[in-house]
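Data file: run29.pdb. Format and content: PDB, C-alpha atoms, pLDDT in the B column.
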```pdb
MODEL        1
ATOM      1  CA  MET P 178      69.593 -30.166  29.110  1.00 51.00           C
ATOM      2  CA  LYS P 179      66.978 -27.503  29.684  1.00 51.00           C
ATOM      3  CA  ILE P 180      63.367 -28.625  29.354  1.00 51.00           C
ATOM      4  CA  THR P 181      60.924 -25.851  28.459  1.00 53.00           C
ATOM      5  CA  ASN P 182      57.348 -26.159  29.678  1.00 56.00           C
ATOM      6  CA  TYR P 183      54.943 -25.953  26.692  1.00 52.00           C
ATOM      7  CA  HIS P 184      52.262 -24.258  28.756  1.00 54.00           C
ATOM      8  CA  GLN P 185      54.691 -21.511  29.680  1.00 54.00           C
ATOM      9  CA  LYS P 186      55.342 -20.664  26.006  1.00 56.00           C
ATOM     10  CA  ARG P 187      51.658 -20.567  24.823  1.00 57.00           C
ATOM     11  CA  LYS P 188      50.355 -17.019  24.427  1.00 62.00           C
ATOM     12  CA  ALA P 189      46.817 -15.895  25.309  1.00 66.00           C
ATOM     13  CA  PHE P 190      44.587 -13.785  23.048  1.00 67.00           C
ATOM     14  CA  THR P 191      45.264 -10.106  23.240  1.00 78.00           C
ATOM     15  CA  LEU P 192      42.404  -7.702  23.809  1.00 75.00           C
ATOM     16  CA  ILE P 193      42.622  -6.482  20.197  1.00 80.00           C
ATOM     17  CA  GLU P 194      42.399 -10.023  18.830  1.00 76.00           C
ATOM     18  CA  LEU P 195      39.386 -10.747  21.031  1.00 78.00           C
ATOM     19  CA  LEU P 196      37.629  -7.599  19.855  1.00 81.00           C
ATOM     20  CA  VAL P 197      38.308  -8.484  16.218  1.00 82.00           C
ATOM     21  CA  VAL P 198      36.752 -11.954  16.702  1.00 81.00           C
ATOM     22  CA  ILE P 199      33.717 -10.448  18.390  1.00 84.00           C
ATOM     23  CA  ALA P 200      33.316  -7.929  15.551  1.00 83.00           C
ATOM     24  CA  ILE P 201      33.490 -10.686  12.928  1.00 83.00           C
ATOM     25  CA  ILE P 202      30.855 -12.722  14.765  1.00 83.00           C
ATOM     26  CA  ALA P 203      28.595  -9.643  15.012  1.00 81.00           C
ATOM     27  CA  ILE P 204      28.937  -8.956  11.273  1.00 83.00           C
ATOM     28  CA  LEU P 205      28.132 -12.565  10.386  1.00 79.00           C
ATOM     29  CA  ALA P 206      25.112 -12.517  12.698  1.00 74.00           C
ATOM     30  CA  ALA P 207      23.849  -9.281  11.123  1.00 74.00           C
ATOM     31  CA  ILE P 208      24.121 -10.901   7.699  1.00 77.00           C
ATOM     32  CA  LEU P 209      22.686 -14.307   8.560  1.00 67.00           C
ATOM     33  CA  PHE P 210      19.826 -13.514  10.945  1.00 69.00           C
ATOM     34  CA  PRO P 211      17.723 -11.687   8.301  1.00 70.00           C
ATOM     35  CA  VAL P 212      18.372 -14.574   5.920  1.00 62.00           C
ATOM     36  CA  PHE P 213      17.127 -17.061   8.510  1.00 65.00           C
ATOM     37  CA  ALA P 214      14.079 -14.883   9.247  1.00 69.00           C
ATOM     38  CA  ARG P 215      13.231 -14.669   5.552  1.00 70.00           C
ATOM     39  CA  ALA P 216      13.633 -18.429   5.177  1.00 75.00           C
ATOM     40  CA  ARG P 217      11.231 -19.007   8.070  1.00 85.00           C
ATOM     41  CA  GLU P 218       8.693 -16.612   6.535  1.00 80.00           C
ATOM     42  CA  ASN P 219       9.029 -18.362   3.177  1.00 83.00           C
ATOM     43  CA  ALA P 220       8.165 -21.608   4.934  1.00 89.00           C
ATOM     44  CA  ARG P 221       5.126 -19.985   6.564  1.00 90.00           C
ATOM     45  CA  ARG P 222       4.070 -18.536   3.217  1.00 91.00           C
ATOM     46  CA  ALA P 223       4.249 -21.993   1.616  1.00 93.00           C
ATOM     47  CA  SER P 224       2.147 -23.450   4.438  1.00 94.00           C
ATOM     48  CA  CYS P 225      -0.377 -20.631   4.004  1.00 94.00           C
ATOM     49  CA  GLN P 226      -0.581 -21.347   0.264  1.00 95.00           C
ATOM     50  CA  SER P 227      -1.284 -24.985   1.075  1.00 96.00           C
ATOM     51  CA  ASN P 228      -4.128 -23.898   3.374  1.00 96.00           C
ATOM     52  CA  LEU P 229      -5.632 -21.719   0.668  1.00 96.00           C
ATOM     53  CA  LYS P 230      -5.357 -24.514  -1.884  1.00 97.00           C
ATOM     54  CA  GLN P 231      -7.245 -26.870   0.439  1.00 97.00           C
ATOM     55  CA  ILE P 232      -9.876 -24.193   1.081  1.00 97.00           C
ATOM     56  CA  ALA P 233     -10.306 -23.703  -2.678  1.00 97.00           C
ATOM     57  CA  LEU P 234     -10.767 -27.447  -3.171  1.00 97.00           C
ATOM     58  CA  GLY P 235     -13.316 -27.464  -0.351  1.00 97.00           C
ATOM     59  CA  ILE P 236     -15.278 -24.685  -2.053  1.00 96.00           C
ATOM     60  CA  PHE P 237     -15.286 -26.547  -5.365  1.00 96.00           C
ATOM     61  CA  GLN P 238     -16.517 -29.704  -3.674  1.00 96.00           C
ATOM     62  CA  TYR P 239     -19.266 -27.632  -2.086  1.00 95.00           C
ATOM     63  CA  THR P 240     -20.312 -26.192  -5.458  1.00 94.00           C
ATOM     64  CA  GLN P 241     -20.689 -29.673  -6.920  1.00 94.00           C
ATOM     65  CA  ASP P 242     -23.163 -30.580  -4.181  1.00 94.00           C
ATOM     66  CA  TYR P 243     -25.080 -27.289  -4.268  1.00 91.00           C
ATOM     67  CA  ASP P 244     -26.055 -26.659  -7.885  1.00 90.00           C
ATOM     68  CA  GLU P 245     -22.675 -25.163  -8.812  1.00 92.00           C
ATOM     69  CA  LYS P 246     -23.167 -22.187  -6.503  1.00 92.00           C
ATOM     70  CA  TYR P 247     -20.535 -20.716  -4.244  1.00 93.00           C
ATOM     71  CA  PRO P 248     -21.098 -20.833  -0.482  1.00 92.00           C
ATOM     72  CA  MET P 249     -22.818 -17.780   0.991  1.00 90.00           C
ATOM     73  CA  ASN P 250     -20.830 -15.293   3.055  1.00 89.00           C
ATOM     74  CA  TYR P 251     -23.003 -16.211   6.016  1.00 87.00           C
ATOM     75  CA  TRP P 252     -26.160 -18.228   6.526  1.00 84.00           C
ATOM     76  CA  GLY P 253     -28.794 -15.647   5.659  1.00 74.00           C
ATOM     77  CA  PRO P 254     -30.738 -13.569   5.338  1.00 73.00           C
ATOM     78  CA  THR P 255     -29.848 -12.769   8.987  1.00 77.00           C
ATOM     79  CA  MET P 256     -26.821 -13.789  11.015  1.00 84.00           C
ATOM     80  CA  VAL P 257     -27.250 -17.226  12.618  1.00 90.00           C
ATOM     81  CA  THR P 258     -25.298 -18.154  15.744  1.00 93.00           C
ATOM     82  CA  GLN P 259     -23.055 -21.217  15.436  1.00 93.00           C
ATOM     83  CA  THR P 260     -23.806 -23.471  18.398  1.00 93.00           C
ATOM     84  CA  ASP P 261     -21.737 -26.472  17.288  1.00 94.00           C
ATOM     85  CA  THR P 262     -18.430 -26.034  19.105  1.00 93.00           C
ATOM     86  CA  SER P 263     -16.609 -28.257  16.613  1.00 93.00           C
ATOM     87  CA  MET P 264     -17.237 -25.814  13.752  1.00 95.00           C
ATOM     88  CA  PRO P 265     -15.130 -22.790  12.702  1.00 94.00           C
ATOM     89  CA  GLY P 266     -17.974 -20.376  13.407  1.00 93.00           C
ATOM     90  CA  ALA P 267     -17.895 -21.314  17.098  1.00 93.00           C
ATOM     91  CA  LEU P 268     -14.135 -20.715  17.332  1.00 92.00           C
ATOM     92  CA  PHE P 269     -13.683 -17.506  15.364  1.00 92.00           C
ATOM     93  CA  THR P 270     -15.360 -14.176  15.944  1.00 90.00           C
ATOM     94  CA  THR P 271     -16.437 -12.651  12.627  1.00 89.00           C
ATOM     95  CA  SER P 272     -18.185  -9.477  11.537  1.00 85.00           C
ATOM     96  CA  ASN P 273     -20.213  -8.315   8.549  1.00 78.00           C
ATOM     97  CA  GLY P 274     -19.386  -4.706   9.341  1.00 74.00           C
ATOM     98  CA  SER P 275     -22.411  -4.048  11.512  1.00 79.00           C
ATOM     99  CA  SER P 276     -22.330  -6.932  13.979  1.00 83.00           C
ATOM    100  CA  SER P 277     -19.866  -9.462  15.298  1.00 87.00           C
ATOM    101  CA  GLY P 278     -20.107 -12.830  16.969  1.00 91.00           C
ATOM    102  CA  LYS P 279     -19.879 -16.575  16.506  1.00 92.00           C
ATOM    103  CA  TRP P 280     -21.829 -16.851  13.253  1.00 92.00           C
ATOM    104  CA  VAL P 281     -22.411 -19.578  10.683  1.00 92.00           C
ATOM    105  CA  THR P 282     -20.252 -18.431   7.769  1.00 92.00           C
ATOM    106  CA  TRP P 283     -18.768 -19.705   4.508  1.00 94.00           C
ATOM    107  CA  MET P 284     -16.143 -21.534   6.590  1.00 95.00           C
ATOM    108  CA  ASP P 285     -18.815 -23.648   8.272  1.00 95.00           C
ATOM    109  CA  MET P 286     -20.417 -24.433   4.914  1.00 94.00           C
ATOM    110  CA  ILE P 287     -17.241 -25.933   3.468  1.00 96.00           C
ATOM    111  CA  PHE P 288     -16.034 -27.464   6.738  1.00 97.00           C
ATOM    112  CA  PRO P 289     -17.522 -30.942   6.001  1.00 96.00           C
ATOM    113  CA  TYR P 290     -15.144 -31.166   3.019  1.00 96.00           C
ATOM    114  CA  LEU P 291     -12.060 -30.059   4.974  1.00 95.00           C
ATOM    115  CA  LYS P 292     -12.521 -31.606   8.442  1.00 92.00           C
ATOM    116  CA  SER P 293     -10.053 -29.116   9.918  1.00 92.00           C
ATOM    117  CA  VAL P 294     -10.470 -25.875  11.833  1.00 93.00           C
ATOM    118  CA  GLN P 295      -6.706 -25.265  11.886  1.00 91.00           C
ATOM    119  CA  ILE P 296      -6.696 -24.851   8.104  1.00 94.00           C
ATOM    120  CA  PHE P 297      -8.390 -21.463   8.522  1.00 94.00           C
ATOM    121  CA  THR P 298      -5.404 -20.117  10.477  1.00 92.00           C
ATOM    122  CA  CYS P 299      -2.394 -18.755   8.616  1.00 92.00           C
ATOM    123  CA  PRO P 300       1.008 -19.586  10.206  1.00 90.00           C
ATOM    124  CA  SER P 301       1.780 -15.851  10.188  1.00 87.00           C
ATOM    125  CA  ALA P 302      -1.513 -14.850  11.850  1.00 82.00           C
ATOM    126  CA  THR P 303      -1.200 -12.450  14.760  1.00 72.00           C
ATOM    127  CA  SER P 304      -4.602 -12.804  16.484  1.00 63.00           C
ATOM    128  CA  VAL P 305      -5.104 -16.564  16.684  1.00 60.00           C
ATOM    129  CA  PRO P 306      -7.720 -17.779  17.386  1.00 64.00           C
ATOM    130  CA  THR P 307      -9.686 -14.519  17.688  1.00 83.00           C
ATOM    131  CA  ALA P 308     -10.162 -14.012  13.957  1.00 84.00           C
ATOM    132  CA  PRO P 309      -9.909 -16.395  11.002  1.00 88.00           C
ATOM    133  CA  SER P 310      -6.978 -15.825   8.676  1.00 89.00           C
ATOM    134  CA  TYR P 311      -8.633 -15.918   5.281  1.00 92.00           C
ATOM    135  CA  GLY P 312     -11.154 -13.635   3.622  1.00 89.00           C
ATOM    136  CA  TYR P 313     -13.784 -14.529   1.055  1.00 92.00           C
ATOM    137  CA  ASN P 314     -14.811 -12.433  -1.953  1.00 89.00           C
ATOM    138  CA  ARG P 315     -18.261 -11.261  -0.918  1.00 85.00           C
ATOM    139  CA  LEU P 316     -19.307 -10.752  -4.539  1.00 86.00           C
ATOM    140  CA  LEU P 317     -19.028 -14.524  -5.024  1.00 89.00           C
ATOM    141  CA  GLY P 318     -20.768 -15.272  -1.738  1.00 86.00           C
ATOM    142  CA  ASN P 319     -23.719 -12.931  -2.223  1.00 77.00           C
ATOM    143  CA  SER P 320     -23.228 -10.327   0.499  1.00 56.00           C
ATOM    144  CA  SER P 321     -26.958 -10.004   1.107  1.00 53.00           C
ATOM    145  CA  GLY P 322     -26.943 -13.467   2.660  1.00 49.00           C
ATOM    146  CA  SER P 323     -29.783 -14.620   0.445  1.00 52.00           C
ATOM    147  CA  ALA P 324     -30.904 -18.165   1.182  1.00 55.00           C
ATOM    148  CA  SER P 325     -30.688 -18.877  -2.547  1.00 63.00           C
ATOM    149  CA  GLY P 326     -26.930 -19.250  -2.193  1.00 76.00           C
ATOM    150  CA  GLY P 327     -23.916 -17.522  -3.684  1.00 86.00           C
ATOM    151  CA  ASP P 328     -23.142 -16.790  -7.314  1.00 88.00           C
ATOM    152  CA  SER P 329     -23.023 -19.645  -9.800  1.00 90.00           C
ATOM    153  CA  LEU P 330     -19.785 -20.935 -11.296  1.00 92.00           C
ATOM    154  CA  ALA P 331     -21.073 -20.017 -14.759  1.00 90.00           C
ATOM    155  CA  SER P 332     -21.492 -16.363 -13.757  1.00 89.00           C
ATOM    156  CA  VAL P 333     -17.738 -15.876 -13.270  1.00 91.00           C
ATOM    157  CA  GLU P 334     -16.402 -14.470 -16.518  1.00 86.00           C
ATOM    158  CA  ARG P 335     -12.664 -14.810 -15.794  1.00 92.00           C
ATOM    159  CA  PRO P 336     -12.098 -17.425 -13.056  1.00 94.00           C
ATOM    160  CA  SER P 337      -8.302 -17.323 -13.383  1.00 94.00           C
ATOM    161  CA  GLU P 338      -8.302 -13.599 -12.480  1.00 94.00           C
ATOM    162  CA  ILE P 339     -11.076 -13.317  -9.888  1.00 93.00           C
ATOM    163  CA  VAL P 340     -10.077 -13.392  -6.212  1.00 92.00           C
ATOM    164  CA  MET P 341     -11.897 -16.078  -4.225  1.00 94.00           C
ATOM    165  CA  ASN P 342      -9.996 -16.266  -0.896  1.00 94.00           C
ATOM    166  CA  MET P 343      -6.938 -14.497   0.451  1.00 91.00           C
ATOM    167  CA  ASP P 344      -4.865 -13.642   3.511  1.00 89.00           C
ATOM    168  CA  TYR P 345      -7.131 -11.479   5.657  1.00 85.00           C
ATOM    169  CA  ASN P 346      -6.504 -11.971   9.351  1.00 84.00           C
ATOM    170  CA  THR P 347      -9.321  -9.785  10.700  1.00 82.00           C
ATOM    171  CA  TYR P 348     -12.841 -10.034  12.095  1.00 82.00           C
ATOM    172  CA  TYR P 349     -14.099  -9.057   8.639  1.00 79.00           C
ATOM    173  CA  SER P 350     -12.935 -12.324   7.087  1.00 81.00           C
ATOM    174  CA  ILE P 351     -16.591 -13.170   6.614  1.00 78.00           C
ATOM    175  CA  TYR P 352     -15.853 -11.346   3.389  1.00 74.00           C
ATOM    176  CA  ALA P 353     -12.814  -9.533   2.122  1.00 68.00           C
ATOM    177  CA  ASN P 354     -13.518  -5.795   2.242  1.00 63.00           C
ATOM    178  CA  ILE P 355     -10.248  -4.212   1.267  1.00 61.00           C
ATOM    179  CA  ILE P 356     -10.667  -1.968  -1.754  1.00 58.00           C
ATOM    180  CA  ASP P 357     -13.878  -0.011  -1.254  1.00 52.00           C
ATOM    181  CA  GLY P 358     -13.012   1.999   1.829  1.00 51.00           C
ATOM    182  CA  GLY P 359     -14.091  -0.586   4.364  1.00 53.00           C
ATOM    183  CA  SER P 360     -12.748  -0.718   7.897  1.00 50.00           C
ATOM    184  CA  TRP P 361      -9.921  -3.004   6.817  1.00 52.00           C
ATOM    185  CA  ALA P 362      -9.151  -1.510   3.419  1.00 56.00           C
ATOM    186  CA  LEU P 363      -5.466  -1.986   2.639  1.00 58.00           C
ATOM    187  CA  GLY P 364      -4.797   1.662   1.766  1.00 54.00           C
ATOM    188  CA  THR P 365      -1.675   3.164   3.322  1.00 54.00           C
ATOM    189  CA  SER P 366      -2.161   1.818   6.840  1.00 63.00           C
ATOM    190  CA  THR P 367       0.985   0.001   7.931  1.00 67.00           C
ATOM    191  CA  THR P 368      -1.034  -1.969  10.497  1.00 69.00           C
ATOM    192  CA  ASN P 369      -3.547  -3.120   7.886  1.00 71.00           C
ATOM    193  CA  GLN P 370      -0.805  -4.011   5.430  1.00 70.00           C
ATOM    194  CA  LYS P 371       0.861  -6.329   7.937  1.00 73.00           C
ATOM    195  CA  ILE P 372      -2.458  -8.080   8.561  1.00 75.00           C
ATOM    196  CA  VAL P 373      -3.866  -8.220   5.039  1.00 78.00           C
ATOM    197  CA  ALA P 374      -0.490  -8.834   3.392  1.00 80.00           C
ATOM    198  CA  PRO P 375       1.708 -10.584   6.001  1.00 85.00           C
ATOM    199  CA  HIS P 376       4.061 -12.528   3.743  1.00 88.00           C
ATOM    200  CA  LEU P 377       7.185 -10.673   2.641  1.00 84.00           C
ATOM    201  CA  GLU P 378       5.418  -7.474   1.565  1.00 82.00           C
ATOM    202  CA  GLY P 379       2.615  -9.395  -0.088  1.00 87.00           C
ATOM    203  CA  THR P 380      -0.364 -11.695   0.298  1.00 89.00           C
ATOM    204  CA  ASN P 381      -1.434 -15.163  -0.806  1.00 93.00           C
ATOM    205  CA  VAL P 382      -4.522 -15.344  -3.002  1.00 93.00           C
ATOM    206  CA  ALA P 383      -6.676 -18.289  -4.152  1.00 96.00           C
ATOM    207  CA  PHE P 384      -8.406 -17.468  -7.420  1.00 96.00           C
ATOM    208  CA  ALA P 385     -11.775 -18.688  -8.657  1.00 95.00           C
ATOM    209  CA  ASP P 386     -10.191 -21.358 -10.862  1.00 93.00           C
ATOM    210  CA  GLY P 387      -8.399 -22.876  -7.844  1.00 93.00           C
ATOM    211  CA  HIS P 388      -4.828 -21.728  -8.413  1.00 96.00           C
ATOM    212  CA  VAL P 389      -2.987 -19.956  -5.581  1.00 96.00           C
ATOM    213  CA  LYS P 390      -0.521 -17.128  -6.086  1.00 93.00           C
ATOM    214  CA  TRP P 391       1.426 -14.595  -4.041  1.00 92.00           C
ATOM    215  CA  ARG P 392       0.656 -10.960  -4.897  1.00 89.00           C
ATOM    216  CA  VAL P 393       2.761  -7.968  -3.911  1.00 86.00           C
ATOM    217  CA  ARG P 394       0.853  -5.456  -1.806  1.00 79.00           C
ATOM    218  CA  ASN P 395       1.860  -2.348  -3.779  1.00 76.00           C
ATOM    219  CA  ASP P 396       0.120  -3.517  -6.966  1.00 77.00           C
ATOM    220  CA  ALA P 397      -2.225  -0.569  -7.543  1.00 74.00           C
ATOM    221  CA  ASP P 398      -4.279  -2.385 -10.197  1.00 78.00           C
ATOM    222  CA  PHE P 399      -4.956  -5.342  -7.924  1.00 79.00           C
ATOM    223  CA  TRP P 400      -5.824  -3.375  -4.793  1.00 75.00           C
ATOM    224  CA  GLY P 401      -7.241  -0.189  -6.270  1.00 72.00           C
ATOM    225  CA  ALA P 402     -10.632   1.133  -7.413  1.00 72.00           C
ATOM    226  CA  THR P 403     -13.884  -0.297  -6.043  1.00 75.00           C
ATOM    227  CA  GLU P 404     -15.220  -3.833  -6.131  1.00 76.00           C
ATOM    228  CA  ALA P 405     -17.692  -2.851  -8.850  1.00 80.00           C
ATOM    229  CA  THR P 406     -14.959  -1.624 -11.198  1.00 83.00           C
ATOM    230  CA  ASN P 407     -11.973  -3.783 -10.233  1.00 84.00           C
ATOM    231  CA  ARG P 408     -11.424  -6.662 -12.657  1.00 87.00           C
ATOM    232  CA  PHE P 409      -9.783  -8.820  -9.977  1.00 89.00           C
ATOM    233  CA  TRP P 410     -12.818  -8.626  -7.699  1.00 87.00           C
ATOM    234  CA  ASN P 411     -15.998  -8.242  -9.732  1.00 88.00           C
ATOM    235  CA  PRO P 412     -16.820 -11.632 -11.314  1.00 90.00           C
ATOM    236  CA  ALA P 413     -19.440 -10.082 -13.599  1.00 88.00           C
ATOM    237  CA  LEU P 414     -16.984  -7.921 -15.542  1.00 89.00           C
ATOM    238  CA  PRO P 415     -16.023  -9.396 -18.949  1.00 88.00           C
TER
ENDMDL
END
```

Let me see whether you can do it: turn the structure in this file into structure tokens.
Amino acid sequence: MKITNYHQKRKAFTLIELLVVIAIIAILAAILFPVFARARENARRASCQSNLKQIALGIFQYTQDYDEKYPMNYWGPTMVTQTDTSMPGALFTTSNGSSSGKWVTWMDMIFPYLKSVQIFTCPSATSVPTAPSYGYNRLLGNSSGSASGGDSLASVERPSEIVMNMDYNTYYSIYANIIDGGSWALGTSTTNQKIVAPHLEGTNVAFADGHVKWRVRNDADFWGATEATNRFWNPALP
């Protein structure tokens, strides 16, 4: 009786079959990799929203201790150097448009309520730790740096619509300066868009009532006009 060796009968893959398998794997990878990348960015966006929520709560705690006034953009009327190395101002370089350095800013003023420097860094930030990740509406913080403090809570006509903090990973995070032609205005600059709106073609925003929301970056009403005439930025407009 003839005994046939099993290993002699088994066939190997042909070149065509191997190429077909490789092509299928490549197609699946092309489909799945963007999905995985988007899922990772969604996770970073959620973490960023959590940061902004904590920052908003810190600001509200500050207002309760300081006559219901928002923290100033920076400790005024002139820029004051932050010498305490445990504070955000000593870690991040910030600018008011005319000068830059390690200043005492709104971040330092609310830091006692947050106890975290890391919270000022967005997971999608590209210049850590050079610049802080979040901007502050300078109309709330009194851009003149007056020692009298920022605007009062009562002066905000529509707190659910007014921007308070947002994604803004630049030196100018001392105050958000994005709609009036400033150096980091969103405009049509692809570079600026990636920095100001890093999350899936949009940006996270904490509003003056404390809620946090993602806004698409091509919303002309939200980004357009000037601070004085834009209803999302000027807290004095009815």

Counting only C-alpha atoms, find the residues whose atoms lie at most 8 Å from (-15.4, -26.0, 0.5) (file coordinates) and write them out as a list in words. Ile232, Ala233, Leu234, Gly235, Ile236, Phe237, Gln238, Tyr239, Thr240, Pro248, Met284, Met286, Ile287, Phe288, Pro289, Tyr290 and Leu291 of chain P

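Between P:Ala383 and the candidates P:Met256, P:Ile339, P:Ala302, P:Ala402, the tightest atom-to-atom separation, counting only C-alpha atoms, involves P:Ile339.
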
When distances are computed from only C-alpha atoms, which of P:Pro415, P:Leu316, P:Cys299, P:Thr406 shows the smallest separation from P:Ala223?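 Closest residue, counting only C-alpha atoms: P:Cys299.
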
Within 12 Å of P:Thr262, counting only C-alpha atoms, which residues qualify if same-chain residues fewer than 5 places away don't, as number ranges by chain? P: 267-269, 279-281, 285, 294

P:Ser350: which residues within 12 Å, counting all atoms listed in the file, same-chain residues fewer than 6 positions away excluded, as a PyMOL selection string? chain P and resi 250-251+266+269-274+277+280+282-284+297-298+307-315+341-344+360-361+372-373

Once you have the residues from the selection above, write them out as a PDB file, keeping the file's coordinate frame, restricted to C-alpha atoms.
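Saved the output as part_22.pdb:
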```
ATOM      1  CA  ASN P 250     -20.830 -15.293   3.055  1.00 89.00           C
ATOM      2  CA  TYR P 251     -23.003 -16.211   6.016  1.00 87.00           C
ATOM      3  CA  GLY P 266     -17.974 -20.376  13.407  1.00 93.00           C
ATOM      4  CA  PHE P 269     -13.683 -17.506  15.364  1.00 92.00           C
ATOM      5  CA  THR P 270     -15.360 -14.176  15.944  1.00 90.00           C
ATOM      6  CA  THR P 271     -16.437 -12.651  12.627  1.00 89.00           C
ATOM      7  CA  SER P 272     -18.185  -9.477  11.537  1.00 85.00           C
ATOM      8  CA  ASN P 273     -20.213  -8.315   8.549  1.00 78.00           C
ATOM      9  CA  GLY P 274     -19.386  -4.706   9.341  1.00 74.00           C
ATOM     10  CA  SER P 277     -19.866  -9.462  15.298  1.00 87.00           C
ATOM     11  CA  TRP P 280     -21.829 -16.851  13.253  1.00 92.00           C
ATOM     12  CA  THR P 282     -20.252 -18.431   7.769  1.00 92.00           C
ATOM     13  CA  TRP P 283     -18.768 -19.705   4.508  1.00 94.00           C
ATOM     14  CA  MET P 284     -16.143 -21.534   6.590  1.00 95.00           C
ATOM     15  CA  PHE P 297      -8.390 -21.463   8.522  1.00 94.00           C
ATOM     16  CA  THR P 298      -5.404 -20.117  10.477  1.00 92.00           C
ATOM     17  CA  THR P 307      -9.686 -14.519  17.688  1.00 83.00           C
ATOM     18  CA  ALA P 308     -10.162 -14.012  13.957  1.00 84.00           C
ATOM     19  CA  PRO P 309      -9.909 -16.395  11.002  1.00 88.00           C
ATOM     20  CA  SER P 310      -6.978 -15.825   8.676  1.00 89.00           C
ATOM     21  CA  TYR P 311      -8.633 -15.918   5.281  1.00 92.00           C
ATOM     22  CA  GLY P 312     -11.154 -13.635   3.622  1.00 89.00           C
ATOM     23  CA  TYR P 313     -13.784 -14.529   1.055  1.00 92.00           C
ATOM     24  CA  ASN P 314     -14.811 -12.433  -1.953  1.00 89.00           C
ATOM     25  CA  ARG P 315     -18.261 -11.261  -0.918  1.00 85.00           C
ATOM     26  CA  MET P 341     -11.897 -16.078  -4.225  1.00 94.00           C
ATOM     27  CA  ASN P 342      -9.996 -16.266  -0.896  1.00 94.00           C
ATOM     28  CA  MET P 343      -6.938 -14.497   0.451  1.00 91.00           C
ATOM     29  CA  ASP P 344      -4.865 -13.642   3.511  1.00 89.00           C
ATOM     30  CA  SER P 360     -12.748  -0.718   7.897  1.00 50.00           C
ATOM     31  CA  TRP P 361      -9.921  -3.004   6.817  1.00 52.00           C
ATOM     32  CA  ILE P 372      -2.458  -8.080   8.561  1.00 75.00           C
ATOM     33  CA  VAL P 373      -3.866  -8.220   5.039  1.00 78.00           C
TER      34      VAL P 373
END
```

Using the chain letters and numbers from the file, give me the residues hit by the PyMOL selection byres ((chain P and resi 326) around 12), as a VMD selection string. chain P and resid 239 to 240 243 to 254 283 286 315 to 325 327 to 330

Counting all atoms listed in the file, the option among P:Thr191, P:Gln241, P:Gln370, P:Ser275 closest to P:Tyr348: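 Of the candidates, the smallest distance to P:Tyr348 is held by P:Ser275.
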
Please determine an axis-aligned box that encloses all atoms of stretch 274-277 of chain P listed in the file, with 6 Å added on each side, and express its centre and edge lengths in Å to one decimal as JSON.
```
{"center_x": -20.9, "center_y": -6.8, "center_z": 12.3, "size_x": 15.0, "size_y": 17.4, "size_z": 18.0}
```

With distances taken over all atoms listed in the file, which residue among P:Leu414, P:Leu377, P:Leu196, P:Val389 lies nearest P:Arg335?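 Closest residue, counting all atoms listed in the file: P:Leu414.
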
Would you fill the gaps in stretch 261-273 of chain P so it has N, CA and C atoms, then print it as a short mmCIF file (atom, residue, chain, number, x, y, z; two decimals), in the coordinates of the input?
```cif
data_model
loop_
_atom_site.label_atom_id
_atom_site.label_comp_id
_atom_site.auth_asym_id
_atom_site.auth_seq_id
_atom_site.Cartn_x
_atom_site.Cartn_y
_atom_site.Cartn_z
N ASP P 261 -22.55 -25.26 17.32
CA ASP P 261 -21.74 -26.47 17.29
C ASP P 261 -20.28 -26.09 17.55
N THR P 262 -19.77 -26.45 18.70
CA THR P 262 -18.43 -26.03 19.10
C THR P 262 -17.30 -26.67 18.29
N SER P 263 -17.63 -27.64 17.45
CA SER P 263 -16.61 -28.26 16.61
C SER P 263 -16.43 -27.52 15.29
N MET P 264 -17.24 -26.52 15.03
CA MET P 264 -17.24 -25.81 13.75
C MET P 264 -16.43 -24.52 13.84
N PRO P 265 -15.92 -24.03 12.70
CA PRO P 265 -15.13 -22.79 12.70
C PRO P 265 -15.89 -21.59 13.25
N GLY P 266 -17.19 -21.52 12.95
CA GLY P 266 -17.97 -20.38 13.41
C GLY P 266 -18.03 -20.24 14.91
N ALA P 267 -17.88 -21.35 15.63
CA ALA P 267 -17.90 -21.31 17.10
C ALA P 267 -16.54 -20.94 17.67
N LEU P 268 -15.48 -21.05 16.87
CA LEU P 268 -14.14 -20.72 17.33
C LEU P 268 -13.77 -19.27 17.03
N PHE P 269 -14.09 -18.84 15.80
CA PHE P 269 -13.68 -17.51 15.36
C PHE P 269 -14.81 -16.49 15.53
N THR P 270 -14.43 -15.29 15.95
CA THR P 270 -15.36 -14.18 15.94
C THR P 270 -15.28 -13.49 14.59
N THR P 271 -16.42 -13.29 13.94
CA THR P 271 -16.44 -12.65 12.63
C THR P 271 -17.44 -11.50 12.62
N SER P 272 -17.33 -10.65 11.62
CA SER P 272 -18.18 -9.48 11.54
C SER P 272 -18.56 -9.20 10.09
N ASN P 273 -19.79 -8.74 9.88
CA ASN P 273 -20.21 -8.32 8.55
C ASN P 273 -20.17 -6.79 8.44
#
```
